[in-house]
Amino acid sequence: MRLTTKGRYAVTAMLDLAMNSKSGPVSLADISARQGISLSYLEQLFARLRRSELVSSVRGPGGGYLLARSMEEVAVSDIIDSVNESIDATRCGNRGDCQGGEICLTHHLWNELSVKIHDFLSGISLADLMNNPQVMEIAERQNKRHEISSSSELTLVSSSEL
């Protein structure tokens with residue numbers, strides 16, 4: 001089984017959005033800075049998340065993204081599914097042609113594992129992740145680092161204007 005970067009980054013970005021949208025829309029540039037995900041990659045992911053109605057966009061100054069549903073209603077599996085990521089433990093992409101065009105001995109085992117993983121991720125919401133003390137500790141560290149980085153950039157801009 002392989003969960004690619006696309007699914008991992010989408011879940012990370014959505015969790016960041018959920019944690020930081022209490023005071024309004026969150027810019028992709030802020031998510032990019034906090035999570036170390038390229039802005040162009042986030043733009044691609046959020047286009048898919050918006051089409052799946054998991055996020056909504058706010059235009060203009062102070063714009064960005066907001067969750068389109070409550071944190072309790074957004075499951076990790078919803079996010080992964082929305083970016084067209086499949087959780088498939090079979091070697092054949094669940095086509096059943098794993099061994100010379102025929103189904104292999106363990107196909108059903110790996111297919112069942114895929115279903116169980118999807119079911120497991122369907123039972124975890126963004127709210128569940130936010131209730132994890134370790135996740136909150138990491139988020140606080142990232143926010144502090146982002147605030148320090150942002151304030152030092154402002155200082156550089158201000159002093160260069162003198």
# chains A, B, ... in the order shown; residues from 1 in each chain; ligands from 1

call {"tool": "select_by_dssp", "arguments": {"residues": "range 14-151 of chain A", "states": "strand (DSSP E or B)", "output": "count of residues only"}}
result
13

call {"tool": "residues_around", "arguments": {"residues": "Lys6 in chain A", "least_positions_apart": "6", "cutoff": "8 Å", "atoms": "only C-alpha atoms", "output": "ChimeraX atom specification"}}
result
/A:45,83,85

call {"tool": "write_last_selection", "arguments": {"atoms": "N, CA and C atoms", "output": "mmCIF file, in the first residue's frame"}}
result
data_model
loop_
_atom_site.group_PDB
_atom_site.id
_atom_site.type_symbol
_atom_site.label_atom_id
_atom_site.label_comp_id
_atom_site.auth_asym_id
_atom_site.auth_seq_id
_atom_site.Cartn_x
_atom_site.Cartn_y
_atom_site.Cartn_z
ATOM 1 N N LEU A 45 -3.915 21.331 -5.276
ATOM 2 C CA LEU A 45 -4.692 20.543 -4.315
ATOM 3 C C LEU A 45 -5.990 21.247 -3.935
ATOM 4 N N VAL A 83 -8.696 14.373 -3.704
ATOM 5 C CA VAL A 83 -7.524 14.660 -4.554
ATOM 6 C C VAL A 83 -7.190 13.459 -5.442
ATOM 7 N N GLU A 85 -6.799 10.353 -4.813
ATOM 8 C CA GLU A 85 -5.798 9.455 -4.255
ATOM 9 C C GLU A 85 -6.514 8.174 -3.878
#

call {"tool": "closest_residue", "arguments": {"among": "A:Asn111, A:Thr12, A:Ser38, A:Gln44", "to": "Ile79 in chain A", "atoms": "only C-alpha atoms"}}
result
A:Thr12

call {"tool": "residues_around", "arguments": {"residues": "range 17-21 of chain A", "least_positions_apart": "5", "cutoff": "7 Å", "atoms": "only C-alpha atoms", "output": "list in words"}}
result
Val26, Leu66, Leu67 and Met71 of chain A

call {"tool": "residues_around", "arguments": {"residues": "Glu72 in chain A", "least_positions_apart": "3", "cutoff": "8 Å", "atoms": "only C-alpha atoms", "output": "list in words"}}
result
Ala75, Ser125, Leu126, Ala127 and Asp128 of chain A

call {"tool": "select_by_dssp", "arguments": {"residues": "range 28-153 of chain A", "states": "alpha helix (DSSP H)", "output": "number ranges by chain"}}
result
A: 28-35, 39-51, 76-82, 107-122, 126-130, 133-153

call {"tool": "residues_around", "arguments": {"residues": "Gln35 in chain A", "least_positions_apart": "6", "cutoff": "10 Å", "atoms": "only C-alpha atoms", "output": "JSON, numbers by chain"}}
result
{"A": [9, 12, 13, 16, 29, 139, 142, 143, 146]}

call {"tool": "atom_distance", "arguments": {"atom1": "CA of Ala89 in chain A", "atom2": "CA of Trp110 in chain A"}}
result
5.1 Å

call {"tool": "closest_residue", "arguments": {"among": "A:Gln134, A:Gly24, A:Ser122, A:Glu147", "to": "Ile80 in chain A", "atoms": "only C-alpha atoms"}}
result
A:Ser122

call {"tool": "closest_residue", "arguments": {"among": "A:Ser23, A:Val55, A:Ala10, A:Cys98", "to": "Asp81 in chain A", "atoms": "only C-alpha atoms"}}
result
A:Ala10

call {"tool": "atom_distance", "arguments": {"atom1": "CA of Asn132 in chain A", "atom2": "CA of Glu112 in chain A"}}
result
28.2 Å

call {"tool": "atom_distance", "arguments": {"atom1": "CA of Val11 in chain A", "atom2": "CA of Ser150 in chain A"}}
result
24.2 Å
